>>> print(open('my_file.cif').read())   # mmCIF, C-alpha atoms
data_target
#
loop_
_atom_site.label_atom_id
_atom_site.label_comp_id
_atom_site.auth_asym_id
_atom_site.auth_seq_id
_atom_site.Cartn_x
_atom_site.Cartn_y
_atom_site.Cartn_z
CA GLY A 1 28.21 70.55 208.21
CA ALA A 2 25.49 71.45 205.72
CA GLY A 3 25.10 69.47 202.54
CA VAL A 4 24.80 70.71 198.97
CA SER A 5 22.05 73.30 198.75
CA GLN A 6 20.14 74.11 195.57
CA SER A 7 17.65 76.86 194.94
CA PRO A 8 14.93 77.22 194.05
CA SER A 9 13.62 73.73 194.71
CA ASN A 10 10.93 74.28 192.10
CA LYS A 11 10.74 76.72 189.22
CA VAL A 12 7.93 77.20 186.73
CA THR A 13 8.68 79.50 183.83
CA GLU A 14 7.17 80.43 180.51
CA LYS A 15 8.75 79.32 177.28
CA GLY A 16 11.26 81.91 176.09
CA LYS A 17 12.16 83.25 179.52
CA ASP A 18 15.62 82.99 181.07
CA VAL A 19 16.17 81.12 184.33
CA GLU A 20 19.01 80.93 186.84
CA LEU A 21 19.56 77.91 189.05
CA ARG A 22 21.84 78.15 192.03
CA CYS A 23 24.07 75.60 193.74
CA ASP A 24 25.84 76.11 197.05
CA PRO A 25 28.35 73.26 197.47
CA ILE A 26 29.73 71.80 200.67
CA SER A 27 32.29 74.17 202.15
CA GLY A 28 35.80 73.34 200.98
CA HIS A 29 34.75 71.16 198.07
CA THR A 30 36.78 72.16 195.04
CA ALA A 31 34.87 70.25 192.36
CA LEU A 32 31.28 71.05 191.41
CA TYR A 33 29.10 69.20 188.91
CA TRP A 34 25.81 69.88 187.17
CA TYR A 35 23.57 67.09 185.91
CA ARG A 36 20.14 67.05 184.32
CA GLN A 37 17.52 64.35 184.88
CA SER A 38 14.46 64.19 182.68
CA LEU A 39 11.38 62.39 183.94
CA GLY A 40 12.06 58.67 184.35
CA GLN A 41 15.55 58.96 182.93
CA GLY A 42 19.08 58.66 184.25
CA LEU A 43 21.46 61.51 185.00
CA GLU A 44 22.86 63.46 182.07
CA PHE A 45 26.21 65.16 182.71
CA LEU A 46 26.23 68.86 181.83
CA ILE A 47 29.40 70.51 183.15
CA TYR A 48 31.86 70.41 185.99
CA PHE A 49 34.09 72.98 187.68
CA GLN A 50 37.46 72.54 189.31
CA GLY A 51 37.76 75.69 191.36
CA ASN A 52 36.36 78.45 189.18
CA SER A 53 37.33 76.93 185.85
CA ALA A 54 35.26 74.52 183.77
CA PRO A 55 37.59 72.04 182.04
CA ASP A 56 34.71 70.08 180.58
CA LYS A 57 31.62 71.74 179.16
CA SER A 58 30.93 68.91 176.75
CA GLY A 59 27.56 68.06 178.22
CA LEU A 60 25.90 71.44 177.79
CA PRO A 61 23.03 70.74 175.36
CA SER A 62 23.17 74.04 173.46
CA ASP A 63 24.54 77.56 173.59
CA ARG A 64 21.44 78.58 175.54
CA PHE A 65 23.03 76.87 178.55
CA SER A 66 25.87 78.44 180.50
CA ALA A 67 27.31 78.11 183.96
CA GLU A 68 29.71 79.99 186.14
CA ARG A 69 31.31 79.58 189.49
CA THR A 70 32.75 82.40 191.51
CA GLY A 71 35.05 82.37 194.51
CA GLY A 72 35.40 78.62 194.20
CA SER A 73 32.03 78.25 195.87
CA VAL A 74 28.54 79.06 194.57
CA SER A 75 27.66 78.12 191.00
CA THR A 76 24.87 79.37 188.77
CA LEU A 77 23.44 77.48 185.80
CA THR A 78 21.67 79.80 183.38
CA ILE A 79 19.26 78.71 180.68
CA GLN A 80 18.33 81.39 178.17
CA ARG A 81 15.16 81.40 176.08
CA THR A 82 13.86 78.27 177.79
CA GLN A 83 12.14 75.58 175.75
CA GLN A 84 9.71 72.89 176.90
CA GLU A 85 12.36 70.22 176.40
CA ASP A 86 14.42 71.95 179.10
CA SER A 87 11.91 70.76 181.69
CA ALA A 88 13.79 68.43 184.04
CA VAL A 89 15.36 68.18 187.46
CA TYR A 90 18.74 69.90 187.55
CA LEU A 91 21.08 68.32 190.08
CA CYS A 92 24.25 69.74 191.51
CA ALA A 93 26.99 67.77 193.26
CA SER A 94 30.29 68.64 194.87
CA SER A 95 33.35 66.74 195.92
CA SER A 96 36.86 67.22 197.11
CA GLN A 97 40.05 65.28 196.37
CA GLY A 98 39.40 61.62 197.06
CA THR A 99 35.81 62.06 198.28
CA PRO A 100 32.64 60.79 196.58
CA LEU A 101 30.10 63.11 195.03
CA HIS A 102 27.58 64.67 197.37
CA PHE A 103 24.35 65.68 195.65
CA GLY A 104 21.76 68.30 196.41
CA ASN A 105 18.07 67.53 196.01
CA GLY A 106 17.85 69.40 192.74
CA THR A 107 15.77 72.11 191.14
CA ARG A 108 12.67 70.91 189.32
CA LEU A 109 12.26 73.15 186.27
CA THR A 110 8.96 73.22 184.41
CA VAL A 111 8.71 75.22 181.20
CA THR A 112 5.13 75.95 180.18
CA ASP B 1 34.97 56.76 178.89
CA ALA B 2 34.01 53.33 180.12
CA LYS B 3 30.30 52.70 180.16
CA THR B 4 28.19 50.51 182.38
CA THR B 5 25.17 48.33 181.72
CA GLN B 6 22.65 47.33 184.35
CA PRO B 7 19.32 45.50 184.26
CA PRO B 8 16.51 48.03 184.19
CA SER B 9 14.62 46.58 187.14
CA MET B 10 14.73 43.95 189.88
CA ASP B 11 12.50 42.81 192.72
CA CYS B 12 13.67 41.52 196.08
CA ALA B 13 11.78 40.19 199.07
CA GLU B 14 12.15 42.15 202.29
CA GLY B 15 14.84 40.66 204.53
CA ARG B 16 16.55 38.84 201.68
CA ALA B 17 19.82 39.83 200.06
CA ALA B 18 19.56 42.04 196.99
CA ASN B 19 22.29 41.39 194.40
CA LEU B 20 22.55 44.10 191.77
CA PRO B 21 24.86 43.35 188.82
CA CYS B 22 26.79 45.79 186.66
CA ASN B 23 28.86 45.22 183.54
CA HIS B 24 31.77 47.54 182.77
CA SER B 25 33.73 45.55 180.23
CA THR B 26 35.74 48.51 178.88
CA ILE B 27 36.94 49.73 182.27
CA SER B 28 40.51 50.98 182.42
CA GLY B 29 43.05 49.93 185.00
CA ASN B 30 42.88 53.16 186.98
CA GLU B 31 39.10 53.56 186.98
CA TYR B 32 37.09 52.95 190.12
CA VAL B 33 33.59 51.50 190.29
CA TYR B 34 31.14 53.61 192.30
CA TRP B 35 27.59 52.83 193.36
CA TYR B 36 24.94 55.40 194.15
CA ARG B 37 21.22 55.13 194.77
CA GLN B 38 18.42 57.58 194.22
CA ILE B 39 15.24 57.51 196.22
CA HIS B 40 12.30 59.25 194.62
CA SER B 41 12.57 63.05 194.58
CA GLN B 42 15.99 63.11 196.18
CA GLY B 43 19.51 63.54 194.85
CA PRO B 44 21.63 60.40 194.46
CA GLN B 45 23.30 59.08 197.60
CA TYR B 46 26.75 57.53 197.68
CA ILE B 47 26.85 53.86 198.73
CA ILE B 48 30.29 52.35 198.14
CA HIS B 49 33.21 52.24 195.73
CA GLY B 50 36.17 50.00 194.88
CA LEU B 51 39.06 49.48 192.48
CA LYS B 52 39.83 45.78 192.43
CA ASN B 53 39.31 44.38 195.93
CA ASN B 54 35.95 43.56 197.45
CA GLU B 55 34.67 46.26 199.77
CA THR B 56 32.16 46.34 202.62
CA ASN B 57 30.67 49.15 204.64
CA GLU B 58 27.64 49.66 206.84
CA MET B 59 25.34 49.95 203.82
CA ALA B 60 26.48 47.29 201.39
CA SER B 61 29.16 45.03 199.96
CA LEU B 62 30.81 45.40 196.58
CA ILE B 63 32.17 42.38 194.76
CA ILE B 64 34.40 43.10 191.73
CA THR B 65 35.40 40.24 189.43
CA GLU B 66 39.09 39.50 188.99
CA ASP B 67 39.09 40.80 185.42
CA ARG B 68 37.19 43.92 186.66
CA LYS B 69 34.71 43.64 183.82
CA SER B 70 31.75 43.37 186.15
CA SER B 71 30.70 43.94 189.72
CA THR B 72 27.81 43.20 192.08
CA LEU B 73 26.37 45.38 194.78
CA ILE B 74 24.95 43.37 197.66
CA LEU B 75 22.42 44.71 200.15
CA PRO B 76 22.55 41.89 202.72
CA HIS B 77 19.10 42.34 204.27
CA ALA B 78 16.94 44.50 202.04
CA THR B 79 14.27 46.67 203.66
CA LEU B 80 11.38 48.59 202.11
CA ARG B 81 13.46 51.76 202.43
CA ASP B 82 16.01 50.29 200.03
CA THR B 83 13.52 50.66 197.18
CA ALA B 84 15.35 53.04 194.83
CA VAL B 85 17.20 53.35 191.54
CA TYR B 86 20.75 52.07 191.87
CA TYR B 87 23.47 53.47 189.63
CA CYS B 88 26.77 51.81 188.86
CA ILE B 89 29.36 54.32 187.67
CA VAL B 90 32.89 54.12 186.41
CA ARG B 91 34.91 57.15 187.34
CA ALA B 92 36.63 58.49 184.26
CA PRO B 93 39.67 60.71 184.85
CA THR B 94 39.68 63.79 182.69
CA SER B 95 41.79 66.89 182.82
CA GLY B 96 43.18 66.09 186.23
CA THR B 97 39.89 65.55 187.96
CA TYR B 98 37.14 63.05 187.65
CA LYS B 99 34.00 62.99 185.58
CA TYR B 100 31.24 60.69 186.71
CA ILE B 101 29.14 59.18 183.90
CA PHE B 102 25.81 57.81 185.10
CA GLY B 103 23.94 55.10 183.21
CA THR B 104 20.23 54.40 183.45
CA GLY B 105 20.48 52.37 186.64
CA THR B 106 18.50 49.48 188.10
CA ARG B 107 15.14 50.17 189.69
CA LEU B 108 15.06 47.94 192.76
CA LYS B 109 11.71 47.24 194.35
CA VAL B 110 11.74 45.61 197.76
CA LEU B 111 8.55 43.68 198.35
CA ALA B 112 6.91 43.18 201.75
#
>>> encode(input="my_file.cif", output="structure tokens")
Amino acid sequence: GAGVSQSPSNKVTEKGKDVELRCDPISGHTALYWYRQSLGQGLEFLIYFQGNSAPDKSGLPSDRFSAERTGGSVSTLTIQRTQQEDSAVYLCASSSQGTPLHFGNGTRLTVT
Amino acid sequence: DAKTTQPPSMDCAEGRAANLPCNHSTISGNEYVYWYRQIHSQGPQYIIHGLKNNETNEMASLIITEDRKSSTLILPHATLRDTAVYYCIVRAPTSGTYKYIFGTGTRLKVLA
């Protein structure tokens, strides 16, 4: 079946604007993860969902960041009042019990 | 959460075996070691994982030391397409599901 799908693939926004990033996980995968990758850096954990609930939000950098997941499927990561330091690739991954993470190709966010 | 340390970069000649080390000295008894790789502009790709025994699949072999404090990923015959950043991850159980903490990885360059 289809892999993890993220949209948009690229997003350029002005500082101060809000953005929404979407992740469509593999069908049937109950766990969904968001990571952030700044240029030349490793992956920074942001949040994960088990079903629709988020047991661990410890990685969200500030209260400008929020995420939700509805119907145990699609997830949206929202960044309010974007700042230049938010520029990064935002990666989504999904998994099911006993399976490895499957990643999408990310959304490259540029804040000007 | 257990953390991992990897050399920042390695070179390998095409056709030779690439041996990528990882230290995870604080790993717990129930934590698995996972390896992923990330080719430029793509999301990370799962390679292999193990708990205590050595593992092999069509992509690579994973050797875990008896004390589980370190492991080595082996690409038996490296090709130019294996040039990527390789991440060693310890899977940390949290709240009934699993949180994957990525380090900074090893940038492997396969040389022609």
>>> resolve_selection(input="my_file.cif", expression="the PyMOL selection byres ((chain B) within 10 of (chain A))", output="list of chain:residue names")
B:Tyr34, B:Trp35, B:Tyr36, B:Ser41, B:Gln42, B:Gly43, B:Pro44, B:Gln45, B:Tyr46, B:Ile47, B:Ile48, B:His49, B:Val85, B:Tyr87, B:Thr94, B:Ser95, B:Gly96, B:Thr97, B:Tyr98, B:Lys99, B:Tyr100, B:Ile101, B:Phe102, B:Gly103, B:Thr104, B:Gly105, B:Thr106
>>> residues_around(input="my_file.cif", residues="range 9-21 of chain B", least_positions_apart="4", cutoff="6 Å", atoms="only C-alpha atoms", output="VMD selection string")
chain B and resid 71 to 79 106 to 112
>>> atom_distance(input="my_file.cif", atom1="CA of Arg81 in chain A", atom2="CA of Ser62 in chain A")
11.2 Å
>>> resolve_selection(input="my_file.cif", expression="the PyMOL selection byres ((chain A and resi 79) around 6)", output="ChimeraX atom specification")
/A:18-19,64-65,78,80
>>> write_last_selection(input="my_file.cif", atoms="C-alpha atoms", output="mmCIF file, in the coordinates of the input")
data_model
loop_
_atom_site.group_PDB
_atom_site.id
_atom_site.type_symbol
_atom_site.label_atom_id
_atom_site.label_comp_id
_atom_site.auth_asym_id
_atom_site.auth_seq_id
_atom_site.Cartn_x
_atom_site.Cartn_y
_atom_site.Cartn_z
ATOM 1 C CA ASP A 18 15.620 82.990 181.070
ATOM 2 C CA VAL A 19 16.170 81.120 184.330
ATOM 3 C CA ARG A 64 21.440 78.580 175.540
ATOM 4 C CA PHE A 65 23.030 76.870 178.550
ATOM 5 C CA THR A 78 21.670 79.800 183.380
ATOM 6 C CA GLN A 80 18.330 81.390 178.170
#
>>> atom_distance(input="my_file.cif", atom1="CA of Leu51 in chain B", atom2="CA of Ala84 in chain B")
24.1 Å
>>> atom_distance(input="my_file.cif", atom1="CA of Lys52 in chain B", atom2="CA of Ile64 in chain B")
6.1 Å
>>> resolve_selection(input="my_file.cif", expression="the PyMOL selection byres ((chain A and resi 13) around 8)", output="compact mmCIF listing (two decimals) with C-alpha atoms, in the coordinates of the input")
# COMPACT_ATOMS: atom_id res chain seq x y z
CA LYS A 11 10.74 76.72 189.22
CA VAL A 12 7.93 77.20 186.73
CA GLU A 14 7.17 80.43 180.51
CA LYS A 15 8.75 79.32 177.28
CA LYS A 17 12.16 83.25 179.52
CA VAL A 19 16.17 81.12 184.33
CA LEU A 109 12.26 73.15 186.27
CA THR A 110 8.96 73.22 184.41
CA VAL A 111 8.71 75.22 181.20
CA THR A 112 5.13 75.95 180.18
